[in-house]
Amino acid sequence: MTTAVHSRIPGAIIGVTAGLREGAAWGLGALLLVALPMLFRSDSSLAILSISGIAVVFALSYNILLGQTGMLSFGHAVFYGLGGFGTIHAMNLIADARLPIPLPVMPLIGGCIGLLSGALLGALASKRGGIVFAMVTFGLGEMVSAAAPILNRFFGGEQGVTTDRTALPHMLGLGFGPQLQIYYLIAAWCLLSAGAIRFIAGTAFGQIARAARENPERIEFIGYGMRRVRFTAFCLASFFAGIAGALTAINFEIMTVANLGAQQSTMVVLATYIGGLDFFVGPIIGAVLVSVMQVSLSDVTGGWQLYLGLLFVLGVMYAPGGIAGLLLTSQPGERLRDRMAPRRLVLLAPLLAIAAGGVLAIEMAYQLGLRSQDGTVRRLAGIPIDCASPFPWLVAATLVVGGGAILRRAASRAHPGSTR
Amino acid sequence: MLQLLTFSVLNSVLYGMLLFLLASGLTLIFSMMGVLNIAHASFYMLGAYLGFEITRLLGFWPALVIAPLLVGVLGALVERFGLRRLHARGHVAELLFTFGLAFIIAELVQLFWGRMPVDYRTPLELGSTAFTLFGTSYPTFRVFILVVAALVFCVLLMLLTRTRIGLIVRAALAHPKMVGMLGHDVPTIFMLVFGLGSGLAGLAGVLAGPLFVTQPSMAETYGPILFVIIVVGGLGSLSGALIASLLVGFIQTFAVSMNVSLADALAAIGVAAPAGMFDEIWAVTIAQIAPVLPYGLMVVLLIFRPTGLFGRRA
């Protein structure tokens with residue numbers, strides 16, 4: 001339907017309206033960044049907002065590789081971590097030597113360190129594309145995090161390296177002690193980075209990178225060197241990862257070796273993918289979701305990473321567009337509007353049953369496993385459940401198996417003849 | 001010196017063969033399906049934990065058979081119900097799927113067995129001393145591992161090159177469509193190969209569990225090293241994987257026994273080590289950087305021979 005309507009409108013007008021819509025989205029985003037701390041005033045929510053802002057920059061930087069250029073990197077945290085460590089050392093140096101460099105420009109230093117290290121390692125990693133690239137980034141990431149504990153003076157060993165952000169020269173009367181000021185600093189850099197990354201996507205390089213994702217062979221035939229495309233994307237992504245690392249250094253005033261390890265690299269892959277690779281807002285959604293999960297869910301259940309992993313694998317299998325893909329796609333049948341058609345809404349019931357049964361089983365397993373010293377009774381949604389008795393396990397199994405059976409029947413009715 | 005050398009060589013070969021048990025399955029799967037199974041090291045970890053659990057219940061010998069079988073079946077199921085559906089969507093989806101699987105397995109292992117290492121010990125039957133050389137004894141268990149690994153290698157080689165099954169598998173590897181047209185069930189062959197590869201990883205886990213530490217981070221430790229081996233050996237090359245496994249085995253084992261640092265080397269030629277933020281680099285001994293060395297090998301290879309030792313041109 002929409003294409004039919006569009007075809008009657010001259011192209012220029014579509015361009016103008018699309019531009020207006022995009023401008024409105026950016027204005028709304030900026031307004032939201034300004035207004036959020038006024039809506040959520042508590043210290044803990046301010047902390048979550050700050051972490052989310054940093055995570056957004058990090059995920060957007062990662063999507064330059066994965067979403068835009070189709071490069072699957074498993075060592076992206078290296079540049080985040082190095083940018084952060086570099087920033088901390090730069091801050092300590094500035095404070096000691098009383099240099100007239102204020103705090104708000106520090107992320108630029110972090111970005112440059114990210115860029116430098118990205119250029120160095122990227123020269124190696126970008127030699128090969130595809131699966132080898134993924135393996136090499138895995139190896140390089142592991143190399144850096146294995147080497148980091150040896151270099152104690154730079155990486156600070158077990159304790160990490162600390163700094164005092166208030167020791168830097170003040171700017172415009174701002175001391176950057178209170179978290180609120182730090183939040184606005186992060187928000188400003190978040191907006192700036194997002195704008196820059198969006199701008200890059202629209203440049204000639206951005207177009208080539210997107211084309212390279214779709215068909216690298218053809219790009220080579222047109223006359224662009226794939227290695228150069230990969231290298232440029234790698235450097236750009238490392239630059240913005242360095243900015244995110246610098247913001248982390250400023251926010252927590254400490255960096256540890258864990259910041260550049262496999263765990264951090266994994267998180268950015270999960271966040272970006274769950275959010276959605278194909279849309280600019282995808283990584284933003286994913287980063288915020290994972291940050292909020294990380295902070296709020298980790299108090300409720302020890303299994304939050306398991307849920308994250310399950311969410312990720314289910315996403316890979318059934319929703320390759322991620323959350324943004326579900327919300328924004330224009331493919332008929334894939335749209336949320338179509339997916340939520342009344343006759344399909346019935347499917348929500350078995351889905352919810354499977355989810356409830358799964359959560360019940362996982363939580364009970366955690367109670368018996370890692371939390372066994374607290375006894376076998378676990379409160380879920382206010383109901384005390386004795387995990388050692390067979391009844392709740394029976395309930396969980398019934399929910400999962402029953403829901404699955406109903407879903408299978410519904411699916412086979414929707415696509416008769418298919419074996420799925 | 002001779003004593004150190006002999007035992008280091010023995011241990012290098014042992015470690016290298018264990019790595020090869022892992023790498024062979026990974027390469028086999030890769031060359032067949034073009035899938036890099038990131039969860040391969042997780043199957044190895046599962047093998048170790050299942051080996052521990054079954055040893056506790058039934059003893060070591062049943063564990064040696066049952067645990068790899070269980071892991072193999074799990075691998076086949078993963079191929080059948082996960083990877084096969086994603087195959088049409090390309091390699092990134094497959095990679096991400098196995099990546100997520102590795103994440104989930106790591107969490108599940110912690111859920112069932114806790115975050116601390118489990119007490120998986122050398123089985124009593126193999127706790128004796130195999131032989132004594134230069135006054136140092138060598139445990140039977142290590143010899144046993146060496147024998148099993150060598151045996152697996154020979155059987156695998158025979159299976160692939162001398163039997164009809166191997167013929168079909170190799171043909172399916174090179175020309176899957178043609179083999180399918182000839183009436184062979186190629187998807188099932190793929191599933192079985194995936195199961196076999198996973199089972200080999202599980203076997204390596206049962207064997208290596210008592211030798212190293214059985215803990216939730218063991219997949220994380222060996223996963224990247226496996227990728228190094230595959231990249232160094234050349235993608236999809238079985239002989240390359242063997243050479244690279246032994247190479248990494250030798251490098252890591254020998255590095256641990258070397259207490260020489262760059263500063264020593266510089267002092268030997270009469271140069272003082274320069275000072276600065278990274279001046280610790282000069283004092284670091286080769287033993288300390290042993291964990292970094294395989295990655296260094298990968299970097300060197302990427303610079304001089306990006307296709308790997310036995311790799312064909314990309």
# chains A, B, ... in the order shown; residues from 1 in each chain; ligands from 1
>>> residues_around(residues="Ser239 in chain B", least_positions_apart="6", cutoff="10 Å", atoms="only C-alpha atoms", output="ChimeraX atom specification")
/B:20,24,27,233,245,309-310
>>> write_last_selection(atoms="N, CA and C atoms", output="PDB file, in the first residue's frame")
ATOM      1  N   PHE B  20      44.946 -30.908  19.369  1.00  0.00           N
ATOM      2  CA  PHE B  20      44.549 -31.434  18.065  1.00  0.00           C
ATOM      3  C   PHE B  20      43.220 -32.176  18.136  1.00  0.00           C
ATOM      4  N   SER B  24      40.820 -30.830  15.469  1.00  0.00           N
ATOM      5  CA  SER B  24      40.440 -31.684  14.339  1.00  0.00           C
ATOM      6  C   SER B  24      38.932 -31.634  14.110  1.00  0.00           C
ATOM      7  N   THR B  27      38.023 -28.251  12.597  1.00  0.00           N
ATOM      8  CA  THR B  27      38.396 -28.130  11.185  1.00  0.00           C
ATOM      9  C   THR B  27      37.498 -28.972  10.300  1.00  0.00           C
ATOM     10  N   GLY B 233      47.111 -22.967  11.020  1.00  0.00           N
ATOM     11  CA  GLY B 233      47.211 -24.175  10.212  1.00  0.00           C
ATOM     12  C   GLY B 233      46.659 -23.990   8.817  1.00  0.00           C
ATOM     13  N   SER B 245      48.714 -27.394  16.048  1.00  0.00           N
ATOM     14  CA  SER B 245      48.468 -27.815  17.430  1.00  0.00           C
ATOM     15  C   SER B 245      49.783 -28.145  18.125  1.00  0.00           C
ATOM     16  N   LEU B 309      49.530 -21.778   7.308  1.00  0.00           N
ATOM     17  CA  LEU B 309      50.613 -22.643   6.845  1.00  0.00           C
ATOM     18  C   LEU B 309      50.196 -23.508   5.657  1.00  0.00           C
ATOM     19  N   PHE B 310      49.015 -24.157   5.790  1.00  0.00           N
ATOM     20  CA  PHE B 310      48.597 -25.090   4.751  1.00  0.00           C
ATOM     21  C   PHE B 310      47.350 -24.596   4.022  1.00  0.00           C
TER      22      PHE B 310
END
>>> interface_residues(of="chain A", to="chain B", cutoff="8 Å", atoms="only C-alpha atoms", output="number ranges by chain")
A: 72, 124, 127-128, 131-132, 135-136, 138-140, 142-143, 146-147, 150-154, 303, 305-306, 309-310, 312-313, 316-317, 365-366, 369-370
>>> write_last_selection(atoms="N, CA and C atoms", output="CSV table (one decimal), in the first residue's frame")
chain,number,residue,atom,x,y,z
A,72,LEU,N,32.1,-9.1,11.6
A,72,LEU,CA,31.8,-9.6,13.0
A,72,LEU,C,33.0,-9.6,13.8
A,124,LEU,N,46.3,-5.6,10.9
A,124,LEU,CA,46.4,-7.0,10.9
A,124,LEU,C,45.1,-7.7,10.6
A,127,LYS,N,43.2,-7.8,7.1
A,127,LYS,CA,43.8,-8.5,6.0
A,127,LYS,C,42.8,-9.5,5.4
A,128,ARG,N,42.1,-10.1,6.3
A,128,ARG,CA,41.1,-11.1,5.9
A,128,ARG,C,39.7,-10.7,6.3
A,131,ILE,N,34.9,-15.0,8.1
A,131,ILE,CA,35.0,-15.8,9.3
A,131,ILE,C,36.4,-15.6,9.9
A,132,VAL,N,37.4,-15.5,9.0
A,132,VAL,CA,38.8,-15.4,9.5
A,132,VAL,C,38.9,-14.0,10.3
A,135,MET,N,37.7,-14.7,13.7
A,135,MET,CA,38.6,-15.4,14.5
A,135,MET,C,39.8,-14.6,15.0
A,136,VAL,N,40.3,-13.8,14.0
A,136,VAL,CA,41.5,-13.0,14.3
A,136,VAL,C,41.2,-11.9,15.4
A,138,PHE,N,39.0,-12.2,17.7
A,138,PHE,CA,38.9,-13.0,18.9
A,138,PHE,C,40.3,-13.2,19.5
A,139,GLY,N,41.2,-13.6,18.6
A,139,GLY,CA,42.6,-13.8,19.1
A,139,GLY,C,43.3,-12.6,19.5
A,140,LEU,N,43.1,-11.5,18.7
A,140,LEU,CA,43.8,-10.2,19.1
A,140,LEU,C,43.2,-9.7,20.4
A,142,GLU,N,42.0,-11.5,22.8
A,142,GLU,CA,42.6,-12.3,23.9
A,142,GLU,C,44.0,-12.0,24.2
A,143,MET,N,44.7,-11.7,23.1
A,143,MET,CA,46.2,-11.3,23.2
A,143,MET,C,46.3,-10.1,24.1
A,146,ALA,N,45.4,-10.8,27.7
A,146,ALA,CA,46.3,-11.7,28.3
A,146,ALA,C,47.6,-10.9,28.6
A,147,ALA,N,47.9,-9.9,27.8
A,147,ALA,CA,49.1,-9.1,28.0
A,147,ALA,C,48.9,-8.0,29.1
A,150,ILE,N,50.3,-8.2,32.7
A,150,ILE,CA,51.8,-8.2,32.8
A,150,ILE,C,52.2,-6.8,32.9
A,151,LEU,N,51.6,-5.8,32.2
A,151,LEU,CA,52.1,-4.5,32.2
A,151,LEU,C,51.3,-3.7,33.3
A,152,ASN,N,51.9,-3.9,34.6
A,152,ASN,CA,51.2,-3.4,35.7
A,152,ASN,C,51.1,-1.8,35.8
A,153,ARG,N,52.2,-1.2,35.3
A,153,ARG,CA,52.2,0.3,35.5
A,153,ARG,C,51.1,0.9,34.6
A,154,PHE,N,50.8,0.4,33.5
A,154,PHE,CA,49.8,1.0,32.6
A,154,PHE,C,48.4,0.5,33.0
A,303,GLY,N,20.6,-15.2,37.3
A,303,GLY,CA,20.5,-15.8,36.0
A,303,GLY,C,20.3,-14.8,34.9
A,305,GLN,N,22.3,-13.2,33.0
A,305,GLN,CA,23.1,-13.4,31.8
A,305,GLN,C,22.6,-14.6,31.0
A,306,LEU,N,22.0,-15.6,31.7
A,306,LEU,CA,21.4,-16.7,31.0
A,306,LEU,C,20.2,-16.2,30.2
A,309,GLY,N,21.5,-14.4,27.2
A,309,GLY,CA,22.0,-15.3,26.2
A,309,GLY,C,20.8,-16.0,25.4
A,310,LEU,N,19.8,-16.4,26.2
A,310,LEU,CA,18.6,-17.0,25.5
A,310,LEU,C,17.9,-16.0,24.6
A,312,PHE,N,19.2,-13.6,23.1
A,312,PHE,CA,20.1,-13.4,21.9
A,312,PHE,C,19.9,-14.5,20.9
A,313,VAL,N,20.0,-15.8,21.4
A,313,VAL,CA,19.9,-16.9,20.5
A,313,VAL,C,18.5,-17.0,19.9
A,316,VAL,N,18.6,-14.5,17.1
A,316,VAL,CA,19.3,-14.9,16.0
A,316,VAL,C,18.4,-15.8,15.1
A,317,MET,N,17.7,-16.7,15.8
A,317,MET,CA,16.9,-17.7,15.1
A,317,MET,C,15.6,-17.2,14.6
A,365,ALA,N,16.3,-23.8,39.4
A,365,ALA,CA,17.6,-24.4,39.2
A,365,ALA,C,18.6,-23.5,39.9
A,366,TYR,N,18.5,-22.2,39.8
A,366,TYR,CA,19.5,-21.3,40.5
A,366,TYR,C,19.4,-21.5,42.0
A,369,GLY,N,21.1,-24.6,42.8
A,369,GLY,CA,22.5,-24.6,42.4
A,369,GLY,C,23.3,-23.6,43.2
A,370,LEU,N,23.4,-22.4,42.6
A,370,LEU,CA,24.3,-21.4,43.1
A,370,LEU,C,23.8,-20.8,44.4
>>> residues_around(residues="range 177-180 of chain A", least_positions_apart="2", cutoff="8 Å", atoms="only C-alpha atoms", output="list in words")
Pro37, Leu46, Ala47, Arg165, Thr166, Gly175, Ile182, Tyr183 and Tyr184 of chain A
>>> residues_around(residues="Phe194 in chain B", least_positions_apart="4", cutoff="7 Å", atoms="only C-alpha atoms", output="ChimeraX atom specification")
/B:29,75-76,79,190,198
>>> closest_residue(among="B:Ala283, B:Met181, B:Val248, B:Ala241", to="Ala263 in chain B", atoms="only C-alpha atoms")
B:Ala283
>>> select_by_dssp(residues="range 16-145 of chain A", states="alpha helix (DSSP H)", output="PyMOL selection string")
chain A and resi 16-39+43-63+77-97+106-125+130-145
>>> write_last_selection(atoms="C-alpha atoms", output="mmCIF file, in the first residue's frame")
data_model
loop_
_atom_site.group_PDB
_atom_site.id
_atom_site.type_symbol
_atom_site.label_atom_id
_atom_site.label_comp_id
_atom_site.auth_asym_id
_atom_site.auth_seq_id
_atom_site.Cartn_x
_atom_site.Cartn_y
_atom_site.Cartn_z
ATOM 1 C CA VAL A 16 12.195 16.567 2.065
ATOM 2 C CA THR A 17 9.692 14.727 4.250
ATOM 3 C CA ALA A 18 12.216 12.028 5.079
ATOM 4 C CA GLY A 19 14.709 14.734 6.002
ATOM 5 C CA LEU A 20 12.131 16.482 8.143
ATOM 6 C CA ARG A 21 11.234 13.249 9.881
ATOM 7 C CA GLU A 22 14.858 12.478 10.562
ATOM 8 C CA GLY A 23 15.436 16.015 11.869
ATOM 9 C CA ALA A 24 12.401 15.687 14.120
ATOM 10 C CA ALA A 25 13.716 12.350 15.430
ATOM 11 C CA TRP A 26 17.065 13.916 16.299
ATOM 12 C CA GLY A 27 15.381 16.892 17.982
ATOM 13 C CA LEU A 28 13.204 14.522 19.980
ATOM 14 C CA GLY A 29 16.249 12.458 20.943
ATOM 15 C CA ALA A 30 18.140 15.526 22.131
ATOM 16 C CA LEU A 31 15.109 16.726 24.083
ATOM 17 C CA LEU A 32 14.787 13.290 25.688
ATOM 18 C CA LEU A 33 18.449 13.326 26.726
ATOM 19 C CA VAL A 34 17.933 16.726 28.380
ATOM 20 C CA ALA A 35 14.640 15.814 30.030
ATOM 21 C CA LEU A 36 15.411 12.291 31.308
ATOM 22 C CA PRO A 37 17.249 13.303 34.503
ATOM 23 C CA MET A 38 14.313 15.575 35.357
ATOM 24 C CA LEU A 39 11.945 12.618 35.076
ATOM 25 C CA ASP A 43 20.835 8.624 42.243
ATOM 26 C CA SER A 44 20.437 5.069 41.023
ATOM 27 C CA SER A 45 18.439 6.067 37.953
ATOM 28 C CA LEU A 46 20.981 8.782 37.166
ATOM 29 C CA ALA A 47 23.688 6.116 37.336
ATOM 30 C CA ILE A 48 21.689 3.863 34.973
ATOM 31 C CA LEU A 49 21.187 6.783 32.576
ATOM 32 C CA SER A 50 24.911 7.521 32.527
ATOM 33 C CA ILE A 51 25.823 3.869 31.926
ATOM 34 C CA SER A 52 23.189 3.631 29.191
ATOM 35 C CA GLY A 53 24.558 6.722 27.452
ATOM 36 C CA ILE A 54 28.042 5.216 27.369
ATOM 37 C CA ALA A 55 26.686 1.856 26.230
ATOM 38 C CA VAL A 56 24.853 3.607 23.374
ATOM 39 C CA VAL A 57 28.084 5.154 22.058
ATOM 40 C CA PHE A 58 29.845 1.791 22.371
ATOM 41 C CA ALA A 59 27.079 -0.130 20.596
ATOM 42 C CA LEU A 60 26.802 2.458 17.827
ATOM 43 C CA SER A 61 30.549 2.251 17.279
ATOM 44 C CA TYR A 62 30.264 -1.532 17.072
ATOM 45 C CA ASN A 63 27.510 -1.290 14.525
ATOM 46 C CA ALA A 77 36.259 -3.967 23.913
ATOM 47 C CA VAL A 78 40.021 -3.723 23.360
ATOM 48 C CA PHE A 79 39.623 -0.242 21.909
ATOM 49 C CA TYR A 80 37.034 0.728 24.491
ATOM 50 C CA GLY A 81 39.410 -0.367 27.245
ATOM 51 C CA LEU A 82 42.559 1.159 25.760
ATOM 52 C CA GLY A 83 40.704 4.437 25.192
ATOM 53 C CA GLY A 84 39.621 4.384 28.827
ATOM 54 C CA PHE A 85 43.063 3.547 30.199
ATOM 55 C CA GLY A 86 44.659 6.180 27.989
ATOM 56 C CA THR A 87 42.157 8.761 29.193
ATOM 57 C CA ILE A 88 42.793 7.957 32.848
ATOM 58 C CA HIS A 89 46.531 8.357 32.394
ATOM 59 C CA ALA A 90 45.992 11.575 30.430
ATOM 60 C CA MET A 91 43.745 12.909 33.205
ATOM 61 C CA ASN A 92 46.301 12.103 35.897
ATOM 62 C CA LEU A 93 49.018 13.705 33.805
ATOM 63 C CA ILE A 94 46.970 16.855 33.266
ATOM 64 C CA ALA A 95 46.097 17.098 36.957
ATOM 65 C CA ASP A 96 49.737 16.623 37.989
ATOM 66 C CA ALA A 97 51.193 19.058 35.488
ATOM 67 C CA MET A 106 38.996 14.164 27.421
ATOM 68 C CA PRO A 107 36.786 11.822 25.355
ATOM 69 C CA LEU A 108 38.556 13.183 22.274
ATOM 70 C CA ILE A 109 41.834 11.926 23.711
ATOM 71 C CA GLY A 110 40.232 8.552 24.397
ATOM 72 C CA GLY A 111 38.943 8.493 20.832
ATOM 73 C CA CYS A 112 42.391 9.227 19.422
ATOM 74 C CA ILE A 113 43.924 6.419 21.491
ATOM 75 C CA GLY A 114 41.174 4.103 20.266
ATOM 76 C CA LEU A 115 41.894 5.203 16.708
ATOM 77 C CA LEU A 116 45.633 4.635 17.065
ATOM 78 C CA SER A 117 45.289 1.171 18.560
ATOM 79 C CA GLY A 118 42.547 0.417 16.050
ATOM 80 C CA ALA A 119 44.840 1.370 13.178
ATOM 81 C CA LEU A 120 47.610 -0.805 14.596
ATOM 82 C CA LEU A 121 45.537 -3.948 15.201
ATOM 83 C CA GLY A 122 43.206 -3.198 12.300
ATOM 84 C CA ALA A 123 46.116 -3.351 9.867
ATOM 85 C CA LEU A 124 46.425 -7.024 10.885
ATOM 86 C CA ALA A 125 42.793 -7.917 11.351
ATOM 87 C CA GLY A 130 34.480 -12.978 6.884
ATOM 88 C CA ILE A 131 35.030 -15.824 9.319
ATOM 89 C CA VAL A 132 38.793 -15.356 9.510
ATOM 90 C CA PHE A 133 38.260 -11.733 10.536
ATOM 91 C CA ALA A 134 36.006 -12.921 13.346
ATOM 92 C CA MET A 135 38.595 -15.448 14.545
ATOM 93 C CA VAL A 136 41.471 -12.987 14.300
ATOM 94 C CA THR A 137 39.638 -10.332 16.317
ATOM 95 C CA PHE A 138 38.901 -13.029 18.886
ATOM 96 C CA GLY A 139 42.595 -13.839 19.058
ATOM 97 C CA LEU A 140 43.779 -10.236 19.108
ATOM 98 C CA GLY A 141 41.310 -9.383 21.868
ATOM 99 C CA GLU A 142 42.552 -12.323 23.889
ATOM 100 C CA MET A 143 46.155 -11.300 23.217
ATOM 101 C CA VAL A 144 45.621 -7.809 24.604
ATOM 102 C CA SER A 145 43.709 -8.988 27.649
#
>>> select_by_dssp(residues="range 121-352 of chain A", states="strand (DSSP E or B)", output="ChimeraX atom specification")
/A:161-162,171,174,254-255
>>> write_last_selection(atoms="N, CA and C atoms", output="CSV table (one decimal), in the first residue's frame")
chain,number,residue,atom,x,y,z
A,161,VAL,N,43.5,1.2,37.5
A,161,VAL,CA,44.0,2.6,37.6
A,161,VAL,C,42.9,3.5,38.0
A,162,THR,N,43.2,4.4,39.0
A,162,THR,CA,42.1,5.4,39.4
A,162,THR,C,42.5,6.8,39.0
A,171,MET,N,35.7,24.2,33.9
A,171,MET,CA,35.3,24.9,32.6
A,171,MET,C,33.9,25.5,32.8
A,174,LEU,N,32.0,24.8,35.9
A,174,LEU,CA,31.6,23.4,36.2
A,174,LEU,C,32.8,22.6,36.7
A,254,ILE,N,37.7,4.9,37.4
A,254,ILE,CA,38.6,3.8,37.5
A,254,ILE,C,38.4,2.9,36.3
A,255,MET,N,39.6,2.3,35.9
A,255,MET,CA,39.5,1.3,34.8
A,255,MET,C,40.3,0.1,35.3
